[in-house]
Amino acid sequence: VKRGLGRVTRSLEEMRTLNMGGNGGRAVLVLDSACENEVRNLWNQTYVGCGSGLSEMKVTRGRYAFGTYDVFHVASCGSDSANATASRLAVTGRVEIAAGATLTVNGSQEVTTTYGGMGVGQGIALQQAHGTSYLRGEMTIRGTYVQRYGGFYVGMGPCGDGEVVQSGVAEVMADAAKAADAAKPGHVVIGGFGGHGRYRLTDGAFTTCKDVYVGGMRTDDVPGVAHKNAAFLDGQHAAQGTLSVSGGTFETKRDLILGRDGTGRLELSGGGVVKASVVTVCPAAGRPASSVTFAGDAQGGFGTLVADTVDFAAGTKVAVDAAACPRRRTAATLMTLANGATGRENVILELRNADSRAQLLWSSDGKMLRYRLDLGSVVIVR
(Lines give C-alpha, C1' and ligand atoms only; values in the text may rest on other atoms or scores of the structure.)
Protein backbone atom coordinates (compact mmCIF):
# COMPACT_ATOMS: atom_id res chain seq x y z
CA VAL A 1 0.00 0.00 0.00
CA LYS A 2 2.06 2.90 -1.23
CA ARG A 3 1.13 5.74 -3.58
CA GLY A 4 -2.61 5.26 -3.11
CA LEU A 5 -2.59 6.24 0.54
CA GLY A 6 -0.20 9.06 -0.31
CA ARG A 7 -3.05 10.92 -2.04
CA VAL A 8 -5.54 10.53 0.81
CA THR A 9 -6.54 13.86 2.35
CA ARG A 10 -9.66 12.78 4.30
CA SER A 11 -10.61 9.80 6.41
CA LEU A 12 -11.06 6.50 4.65
CA GLU A 13 -14.29 4.64 5.22
CA GLU A 14 -13.59 2.49 8.24
CA MET A 15 -12.70 -1.05 7.19
CA ARG A 16 -13.68 -3.99 9.33
CA THR A 17 -10.84 -6.54 9.45
CA LEU A 18 -7.29 -6.97 8.25
CA ASN A 19 -6.21 -10.59 8.56
CA MET A 20 -2.62 -11.30 7.51
CA GLY A 21 -1.13 -14.77 7.38
CA GLY A 22 -2.30 -18.35 7.55
CA ASN A 23 -1.44 -21.66 5.91
CA GLY A 24 2.30 -21.20 6.36
CA GLY A 25 2.71 -18.36 3.86
CA ARG A 26 4.31 -14.92 4.13
CA ALA A 27 2.43 -11.62 3.98
CA VAL A 28 4.02 -8.16 3.94
CA LEU A 29 2.12 -4.85 4.15
CA VAL A 30 4.05 -1.59 3.66
CA LEU A 31 2.46 1.69 4.72
CA ASP A 32 4.37 4.48 2.98
CA SER A 33 2.71 7.87 2.47
CA ALA A 34 4.17 11.29 1.68
CA CYS A 35 0.85 12.91 2.60
CA GLU A 36 1.12 15.38 5.48
CA ASN A 37 -2.35 14.49 6.73
CA GLU A 38 -3.05 11.52 8.95
CA VAL A 39 -4.58 8.51 7.19
CA ARG A 40 -7.47 7.68 9.51
CA ASN A 41 -9.97 4.96 10.31
CA LEU A 42 -8.07 1.98 9.03
CA TRP A 43 -9.08 -1.51 10.12
CA ASN A 44 -11.23 -2.15 13.19
CA GLN A 45 -9.67 -5.54 13.85
CA THR A 46 -6.09 -6.13 12.79
CA TYR A 47 -4.24 -9.44 12.93
CA VAL A 48 -0.62 -9.25 11.77
CA GLY A 49 0.17 -12.96 11.79
CA CYS A 50 -2.53 -15.46 12.62
CA GLY A 51 -2.78 -19.18 12.08
CA SER A 52 0.67 -20.02 10.72
CA GLY A 53 3.48 -18.47 8.70
CA LEU A 54 5.15 -15.03 8.82
CA SER A 55 3.41 -11.67 8.50
CA GLU A 56 4.96 -8.21 8.61
CA MET A 57 3.62 -4.66 8.73
CA LYS A 58 6.18 -1.98 7.93
CA VAL A 59 5.18 1.60 8.69
CA THR A 60 7.95 3.37 6.79
CA ARG A 61 6.60 6.89 6.33
CA GLY A 62 3.52 8.90 7.19
CA ARG A 63 0.91 8.94 9.99
CA TYR A 64 -1.75 6.24 10.32
CA ALA A 65 -4.66 5.84 12.73
CA PHE A 66 -6.35 2.45 13.09
CA GLY A 67 -9.97 2.26 14.16
CA THR A 68 -9.31 -0.78 16.36
CA TYR A 69 -12.80 -1.23 17.72
CA ASP A 70 -11.54 -4.44 19.27
CA VAL A 71 -8.01 -5.60 18.68
CA PHE A 72 -4.64 -5.06 17.07
CA HIS A 73 -2.73 -8.33 17.43
CA VAL A 74 0.80 -9.11 16.35
CA ALA A 75 0.85 -12.94 16.26
CA SER A 76 -2.48 -14.37 17.35
CA CYS A 77 -4.83 -17.27 16.76
CA GLY A 78 -7.13 -14.76 15.10
CA SER A 79 -10.23 -15.52 17.15
CA ASP A 80 -11.64 -14.64 20.55
CA SER A 81 -13.36 -17.99 20.95
CA ALA A 82 -12.40 -20.03 23.99
CA ASN A 83 -10.07 -22.81 22.87
CA ALA A 84 -10.43 -21.29 19.40
CA THR A 85 -8.63 -24.09 17.65
CA ALA A 86 -7.37 -27.55 18.41
CA SER A 87 -4.76 -27.30 15.67
CA ARG A 88 -1.09 -26.63 16.35
CA LEU A 89 -0.20 -23.07 15.40
CA ALA A 90 3.22 -21.70 14.50
CA VAL A 91 3.05 -18.04 13.58
CA THR A 92 5.34 -15.00 13.68
CA GLY A 93 4.02 -11.45 13.39
CA ARG A 94 6.13 -8.28 13.11
CA VAL A 95 5.31 -4.59 13.21
CA GLU A 96 8.02 -2.01 12.52
CA ILE A 97 7.49 1.73 12.93
CA ALA A 98 10.29 3.66 11.26
CA ALA A 99 11.79 6.89 12.61
CA GLY A 100 9.53 9.80 11.67
CA ALA A 101 6.45 7.58 11.14
CA THR A 102 3.45 7.38 13.50
CA LEU A 103 1.04 4.53 14.24
CA THR A 104 -2.03 5.39 16.33
CA VAL A 105 -4.43 2.82 17.77
CA ASN A 106 -7.52 4.85 18.62
CA GLY A 107 -9.92 2.30 20.04
CA SER A 108 -13.56 3.32 19.83
CA GLN A 109 -14.60 0.69 22.37
CA GLU A 110 -13.72 0.50 26.04
CA VAL A 111 -12.29 -3.00 26.15
CA THR A 112 -12.50 -4.67 29.57
CA THR A 113 -10.90 -7.99 28.65
CA THR A 114 -7.25 -8.96 28.43
CA TYR A 115 -7.85 -9.84 24.78
CA GLY A 116 -8.71 -6.38 23.44
CA GLY A 117 -6.29 -3.62 22.59
CA MET A 118 -2.72 -4.26 21.44
CA GLY A 119 -1.37 -7.80 21.83
CA VAL A 120 2.18 -8.74 20.84
CA GLY A 121 2.28 -12.53 21.03
CA GLN A 122 -1.37 -12.86 22.11
CA GLY A 123 -2.37 -16.42 22.99
CA ILE A 124 -4.95 -16.21 25.76
CA ALA A 125 -7.76 -17.53 23.52
CA LEU A 126 -6.01 -20.90 23.31
CA GLN A 127 -6.47 -23.63 25.89
CA GLN A 128 -3.13 -25.19 25.07
CA ALA A 129 -0.07 -25.96 27.13
CA HIS A 130 3.29 -24.31 26.61
CA GLY A 131 5.05 -25.77 23.58
CA THR A 132 1.98 -27.09 21.75
CA SER A 133 1.62 -23.91 19.69
CA TYR A 134 3.95 -20.94 19.19
CA LEU A 135 2.71 -17.37 18.72
CA ARG A 136 5.73 -15.08 18.35
CA GLY A 137 5.04 -11.34 18.20
CA GLU A 138 7.65 -8.66 17.55
CA MET A 139 7.24 -4.90 17.58
CA THR A 140 9.94 -2.29 16.87
CA ILE A 141 9.21 1.35 17.67
CA ARG A 142 11.73 3.79 16.17
CA GLY A 143 9.11 6.42 15.42
CA THR A 144 5.95 7.10 17.44
CA TYR A 145 3.28 4.73 18.76
CA VAL A 146 0.11 6.13 20.34
CA GLN A 147 -2.69 4.08 21.95
CA ARG A 148 -5.90 5.57 23.34
CA TYR A 149 -7.79 2.69 24.95
CA GLY A 150 -7.61 -1.03 25.64
CA GLY A 151 -4.67 -2.94 27.07
CA PHE A 152 -1.08 -3.27 25.89
CA TYR A 153 -0.07 -6.92 26.23
CA VAL A 154 3.29 -8.53 25.41
CA GLY A 155 3.55 -12.34 25.57
CA MET A 156 0.17 -13.58 26.81
CA GLY A 157 -0.96 -17.16 27.44
CA PRO A 158 1.29 -20.23 27.73
CA CYS A 159 1.80 -20.30 23.92
CA GLY A 160 2.45 -16.55 23.63
CA ASP A 161 5.92 -15.03 23.22
CA GLY A 162 6.31 -11.30 22.63
CA GLU A 163 9.07 -8.74 22.40
CA VAL A 164 8.96 -4.96 21.97
CA VAL A 165 12.11 -2.94 21.21
CA GLN A 166 11.72 0.82 21.50
CA SER A 167 14.03 3.71 20.70
CA GLY A 168 11.32 6.23 19.79
CA VAL A 169 8.17 7.43 21.57
CA ALA A 170 5.31 5.32 22.96
CA GLU A 171 2.24 6.83 24.60
CA VAL A 172 -0.10 4.13 25.91
CA MET A 173 -3.21 5.54 27.59
CA ALA A 174 -0.83 8.25 28.70
CA ASP A 175 -2.82 11.40 29.41
CA ALA A 176 -3.23 11.28 33.16
CA ALA A 177 -4.61 14.82 33.13
CA LYS A 178 -7.80 13.47 31.55
CA ALA A 179 -9.51 11.76 34.48
CA ALA A 180 -11.95 9.97 32.19
CA ASP A 181 -9.12 8.41 30.20
CA ALA A 182 -7.21 7.51 33.35
CA ALA A 183 -10.25 5.64 34.69
CA LYS A 184 -10.86 3.57 31.56
CA PRO A 185 -10.01 -0.14 31.75
CA GLY A 186 -6.65 -1.37 30.51
CA HIS A 187 -3.25 -2.47 31.70
CA VAL A 188 0.27 -2.85 30.42
CA VAL A 189 1.33 -6.49 30.86
CA ILE A 190 4.74 -7.89 29.95
CA GLY A 191 4.43 -11.67 30.23
CA GLY A 192 1.02 -12.83 31.44
CA PHE A 193 -0.89 -16.07 32.11
CA GLY A 194 2.11 -18.31 31.43
CA GLY A 195 3.42 -16.25 28.51
CA HIS A 196 6.92 -14.86 27.98
CA GLY A 197 7.23 -11.13 27.37
CA ARG A 198 10.13 -8.72 26.99
CA TYR A 199 10.18 -4.94 26.65
CA ARG A 200 13.49 -3.25 25.80
CA LEU A 201 13.75 0.53 25.89
CA THR A 202 17.06 1.85 24.56
CA ASP A 203 16.12 5.50 24.00
CA GLY A 204 13.11 7.79 23.90
CA ALA A 205 10.17 7.63 26.28
CA PHE A 206 7.38 5.22 27.22
CA THR A 207 4.50 6.83 29.11
CA THR A 208 1.28 5.37 30.54
CA CYS A 209 -1.24 6.21 33.25
CA LYS A 210 -2.07 2.52 33.76
CA ASP A 211 -0.65 -0.18 36.04
CA VAL A 212 2.26 -2.13 34.56
CA TYR A 213 2.57 -5.85 35.32
CA VAL A 214 5.89 -7.58 34.60
CA GLY A 215 5.75 -11.34 35.04
CA GLY A 216 2.12 -12.31 35.43
CA MET A 217 -1.26 -11.01 36.49
CA ARG A 218 -4.50 -12.58 37.73
CA THR A 219 -7.91 -12.38 36.12
CA ASP A 220 -9.24 -10.69 39.24
CA ASP A 221 -6.87 -7.79 38.49
CA VAL A 222 -9.07 -6.98 35.49
CA PRO A 223 -12.25 -4.91 35.90
CA GLY A 224 -15.27 -6.67 34.44
CA VAL A 225 -14.74 -9.97 32.62
CA ALA A 226 -11.10 -10.92 32.09
CA HIS A 227 -11.77 -13.46 29.34
CA LYS A 228 -14.02 -16.42 28.67
CA ASN A 229 -10.91 -18.59 29.18
CA ALA A 230 -10.50 -17.18 32.71
CA ALA A 231 -10.60 -20.56 34.51
CA PHE A 232 -7.87 -21.94 32.27
CA LEU A 233 -5.76 -18.79 32.46
CA ASP A 234 -5.86 -18.67 36.26
CA GLY A 235 -4.15 -22.07 36.26
CA GLN A 236 -1.12 -20.68 34.42
CA HIS A 237 1.51 -19.48 36.90
CA ALA A 238 4.74 -19.63 34.93
CA ALA A 239 4.67 -16.20 33.25
CA GLN A 240 8.04 -14.59 32.65
CA GLY A 241 8.40 -10.87 32.05
CA THR A 242 11.43 -8.65 31.57
CA LEU A 243 11.49 -4.87 31.45
CA SER A 244 14.93 -3.70 30.32
CA VAL A 245 15.74 0.02 30.21
CA SER A 246 19.23 1.02 29.05
CA GLY A 247 18.34 4.52 27.85
CA GLY A 248 15.41 6.90 27.87
CA THR A 249 12.58 6.89 30.42
CA PHE A 250 9.88 4.29 31.10
CA GLU A 251 7.18 5.94 33.21
CA THR A 252 3.86 4.86 34.65
CA LYS A 253 1.78 7.33 36.64
CA ARG A 254 0.50 4.36 38.63
CA ASP A 255 2.09 1.13 39.89
CA LEU A 256 4.76 -1.23 38.59
CA ILE A 257 4.20 -4.82 39.79
CA LEU A 258 6.88 -7.51 39.41
CA GLY A 259 5.98 -11.21 39.62
CA ARG A 260 2.25 -10.97 40.36
CA ASP A 261 1.74 -14.52 39.04
CA GLY A 262 5.12 -15.52 37.65
CA THR A 263 8.63 -14.09 37.58
CA GLY A 264 9.31 -10.43 36.83
CA ARG A 265 12.69 -8.92 36.08
CA LEU A 266 13.50 -5.23 36.04
CA GLU A 267 16.87 -4.49 34.40
CA LEU A 268 18.37 -1.01 34.33
CA SER A 269 21.65 0.18 32.88
CA GLY A 270 23.37 3.20 31.36
CA GLY A 271 21.20 6.30 31.36
CA GLY A 272 17.92 4.37 31.66
CA VAL A 273 15.29 5.66 34.09
CA VAL A 274 12.16 3.88 35.38
CA LYS A 275 9.50 5.95 37.15
CA ALA A 276 6.42 4.70 38.99
CA SER A 277 4.17 5.61 41.88
CA VAL A 278 4.63 2.34 43.78
CA VAL A 279 6.90 -0.54 42.81
CA THR A 280 5.81 -3.89 44.25
CA VAL A 281 7.95 -7.01 44.13
CA CYS A 282 5.57 -9.90 44.83
CA PRO A 283 6.36 -13.10 46.77
CA ALA A 284 7.80 -15.94 44.69
CA ALA A 285 5.17 -18.48 45.86
CA GLY A 286 7.20 -21.46 44.69
CA ARG A 287 8.36 -19.78 41.47
CA PRO A 288 11.78 -18.25 40.70
CA ALA A 289 12.02 -14.99 42.65
CA SER A 290 11.60 -11.68 40.88
CA SER A 291 14.57 -9.36 40.78
CA VAL A 292 15.92 -5.86 40.14
CA THR A 293 19.31 -5.54 38.42
CA PHE A 294 21.50 -2.50 37.78
CA ALA A 295 24.32 -2.99 35.25
CA GLY A 296 27.05 -0.40 34.82
CA ASP A 297 28.05 0.63 31.32
CA ALA A 298 31.31 2.00 29.90
CA GLN A 299 30.30 5.55 30.87
CA GLY A 300 29.62 4.53 34.46
CA GLY A 301 25.83 4.68 34.30
CA PHE A 302 23.81 2.06 36.21
CA GLY A 303 20.33 3.39 35.51
CA THR A 304 17.95 4.83 38.11
CA LEU A 305 14.67 3.71 39.67
CA VAL A 306 12.49 6.62 40.84
CA ALA A 307 9.29 5.96 42.82
CA ASP A 308 7.27 7.07 45.79
CA THR A 309 7.99 3.75 47.47
CA VAL A 310 9.14 0.20 46.80
CA ASP A 311 7.64 -2.79 48.59
CA PHE A 312 10.00 -5.77 48.67
CA ALA A 313 8.81 -9.32 49.22
CA ALA A 314 10.97 -11.84 51.09
CA GLY A 315 13.83 -13.15 49.00
CA THR A 316 13.89 -10.25 46.52
CA LYS A 317 17.30 -9.93 44.93
CA VAL A 318 18.72 -6.51 44.06
CA ALA A 319 21.91 -7.02 42.08
CA VAL A 320 24.53 -4.59 40.80
CA ASP A 321 26.88 -5.70 38.04
CA ALA A 322 29.95 -3.48 37.63
CA ALA A 323 31.72 -5.59 34.98
CA ALA A 324 31.56 -2.91 32.28
CA CYS A 325 31.89 0.04 34.64
CA PRO A 326 35.20 1.99 34.62
CA ARG A 327 37.18 1.75 37.84
CA ARG A 328 37.13 5.52 38.28
CA ARG A 329 33.38 5.44 38.80
CA THR A 330 33.16 5.68 42.57
CA ALA A 331 29.52 6.52 43.28
CA ALA A 332 26.05 6.21 41.75
CA THR A 333 22.50 6.61 43.06
CA LEU A 334 20.47 3.56 42.03
CA MET A 335 17.11 4.22 43.71
CA THR A 336 15.43 7.48 44.69
CA LEU A 337 12.26 6.92 46.77
CA ALA A 338 10.15 9.80 48.03
CA ASN A 339 8.71 7.76 50.91
CA GLY A 340 11.41 5.14 51.33
CA ALA A 341 11.27 1.38 50.93
CA THR A 342 9.29 -1.18 52.89
CA GLY A 343 10.62 -4.67 53.45
CA ARG A 344 14.28 -3.67 53.15
CA GLU A 345 15.09 -6.51 55.52
CA ASN A 346 13.75 -8.89 52.85
CA VAL A 347 16.23 -7.77 50.21
CA ILE A 348 19.30 -9.74 49.19
CA LEU A 349 21.88 -7.21 47.98
CA GLU A 350 24.39 -8.69 45.56
CA LEU A 351 27.49 -7.11 43.99
CA ARG A 352 28.80 -8.77 40.84
CA ASN A 353 32.14 -8.24 39.11
CA ALA A 354 32.95 -5.32 41.40
CA ASP A 355 36.07 -4.13 43.17
CA SER A 356 36.38 -5.72 46.60
CA ARG A 357 36.05 -2.28 48.16
CA ALA A 358 32.71 -1.51 46.53
CA GLN A 359 29.55 -1.31 48.66
CA LEU A 360 25.79 -1.07 48.30
CA LEU A 361 24.39 1.23 50.95
CA TRP A 362 20.92 2.39 51.95
CA SER A 363 20.60 5.96 53.20
CA SER A 364 19.62 6.22 56.85
CA ASP A 365 16.03 7.19 55.94
CA GLY A 366 15.72 4.36 53.42
CA LYS A 367 15.02 6.75 50.56
CA MET A 368 18.15 6.07 48.51
CA LEU A 369 20.19 3.06 47.48
CA ARG A 370 23.72 3.93 46.42
CA TYR A 371 26.70 2.21 44.89
CA ARG A 372 29.99 3.39 46.37
CA LEU A 373 33.57 2.51 45.68
CA ASP A 374 36.03 3.94 48.19
CA LEU A 375 39.44 3.93 46.54
CA GLY A 376 41.12 5.37 49.61
CA SER A 377 43.93 7.90 49.62
CA VAL A 378 46.95 7.99 47.38
CA VAL A 379 50.17 9.54 48.72
CA ILE A 380 52.92 10.43 46.25
CA VAL A 381 56.42 10.84 47.71
CA ARG A 382 59.01 12.57 45.59
# chains A, B, ... in the order shown; residues from 1 in each chain; ligands from 1
call {"tool": "residues_around", "arguments": {"residues": "Ile97 of chain A", "least_positions_apart": "2", "cutoff": "12 Å", "atoms": "only C-alpha atoms", "output": "MDAnalysis selection string"}}
result
chainID A and resid 30:32 56:64 94:95 99:104 138:146 164:170
call {"tool": "closest_atom_pairs", "arguments": {"of": "segment 283-308 of chain A", "to": "segment 324-327 of chain A", "cutoff": "9 Å", "atoms": "only C-alpha atoms", "output": "tab-separated table"}}
result
residue	atom	partner	partner_atom	distance
A:Ala295	CA	A:Ala324	CA	7.8
A:Gly296	CA	A:Cys325	CA	4.9
A:Asp297	CA	A:Ala324	CA	5.1
A:Ala298	CA	A:Cys325	CA	5.2
A:Gln299	CA	A:Cys325	CA	6.9
A:Gly300	CA	A:Cys325	CA	5.0
A:Gly301	CA	A:Cys325	CA	7.6
A:Phe302	CA	A:Cys325	CA	8.5
call {"tool": "select_by_dssp", "arguments": {"residues": "segment 125-341 of chain A", "states": "strand (DSSP E or B)", "output": "PyMOL selection string"}}
result
chain A and resi 130+133-141+144-147+151-156+160-166+169-172+188-192+196-201+205-208+212-214+239-245+249-252+255-258+262-281+291-295+302-312+317-321+331-337+341
call {"tool": "closest_residue", "arguments": {"among": "A:Thr219, A:Thr336, A:Thr249, A:Ser244", "to": "Asp203 of chain A", "atoms": "only C-alpha atoms"}}
result
A:Thr249
call {"tool": "select_by_dssp", "arguments": {"residues": "segment 128-358 of chain A", "states": "helix (DSSP H, G or I)", "output": "MDAnalysis selection string"}}
result
chainID A and resid 179:183 219:221 230:233 344:346
call {"tool": "residues_around", "arguments": {"residues": "Gly264 of chain A", "least_positions_apart": "6", "cutoff": "10 Å", "atoms": "only C-alpha atoms", "output": "number ranges by chain"}}
result
A: 190-191, 197, 213-216, 239-243, 257-258, 281-282, 284, 288-292
call {"tool": "atom_distance", "arguments": {"atom1": "atom CA of Ala65 of chain A", "atom2": "atom CA of Met20 of chain A"}}
result
18.0 Å
call {"tool": "residues_around", "arguments": {"residues": "Ser133 of chain A", "least_positions_apart": "6", "cutoff": "6 Å", "atoms": "only C-alpha atoms", "output": "list in words"}}
result
Arg88, Leu89, Ala90 and Cys159 of chain A
call {"tool": "residues_around", "arguments": {"residues": "Thr92 of chain A", "least_positions_apart": "5", "cutoff": "6 Å", "atoms": "only C-alpha atoms", "output": "ChimeraX atom specification"}}
result
/A:49,54,75,136-137
call {"tool": "write_last_selection", "arguments": {"atoms": "N, CA and C atoms", "output": "short mmCIF file (atom, residue, chain, number, x, y, z; two decimals), in the first residue's frame"}}
result
data_model
loop_
_atom_site.label_atom_id
_atom_site.label_comp_id
_atom_site.auth_asym_id
_atom_site.auth_seq_id
_atom_site.Cartn_x
_atom_site.Cartn_y
_atom_site.Cartn_z
N GLY A 49 -0.31 -11.63 11.44
CA GLY A 49 0.17 -12.96 11.79
C GLY A 49 -0.86 -13.71 12.59
N LEU A 54 4.50 -16.28 8.43
CA LEU A 54 5.15 -15.03 8.82
C LEU A 54 4.41 -13.87 8.19
N ALA A 75 0.76 -11.50 15.97
CA ALA A 75 0.85 -12.94 16.26
C ALA A 75 -0.29 -13.34 17.20
N ARG A 136 4.59 -15.97 18.12
CA ARG A 136 5.73 -15.08 18.35
C ARG A 136 5.44 -13.70 17.77
N GLY A 137 5.30 -12.70 18.64
CA GLY A 137 5.04 -11.34 18.20
C GLY A 137 6.24 -10.45 18.43
#
call {"tool": "atom_distance", "arguments": {"atom1": "atom CA of Ala319 of chain A", "atom2": "atom CA of Gln359 of chain A"}}
result
11.6 Å
call {"tool": "closest_residue", "arguments": {"among": "A:Gly204, A:Gly93, A:Gly186, A:Gly67", "to": "Val273 of chain A", "atoms": "only C-alpha atoms"}}
result
A:Gly204
call {"tool": "residues_around", "arguments": {"residues": "Asp308 of chain A", "least_positions_apart": "5", "cutoff": "6 Å", "atoms": "only C-alpha atoms", "output": "ChimeraX atom specification"}}
result
/A:277-278,337-339
call {"tool": "write_last_selection", "arguments": {"atoms": "N, CA, C and O atoms", "output": "short mmCIF file (atom, residue, chain, number, x, y, z; two decimals), in the first residue's frame"}}
result
data_model
loop_
_atom_site.label_atom_id
_atom_site.label_comp_id
_atom_site.auth_asym_id
_atom_site.auth_seq_id
_atom_site.Cartn_x
_atom_site.Cartn_y
_atom_site.Cartn_z
N SER A 277 4.67 5.18 40.59
CA SER A 277 4.17 5.61 41.88
C SER A 277 4.64 4.65 42.97
O SER A 277 5.37 5.02 43.88
N VAL A 278 4.22 3.39 42.85
CA VAL A 278 4.63 2.34 43.78
C VAL A 278 5.20 1.18 42.98
O VAL A 278 4.60 0.76 41.98
N LEU A 337 13.62 7.24 46.32
CA LEU A 337 12.26 6.92 46.77
C LEU A 337 11.75 8.02 47.68
O LEU A 337 12.32 8.27 48.74
N ALA A 338 10.67 8.66 47.27
CA ALA A 338 10.15 9.80 48.03
C ALA A 338 9.75 9.40 49.44
O ALA A 338 9.95 10.17 50.40
N ASN A 339 9.18 8.21 49.60
CA ASN A 339 8.71 7.76 50.91
C ASN A 339 9.47 6.56 51.45
O ASN A 339 9.03 5.92 52.41
#
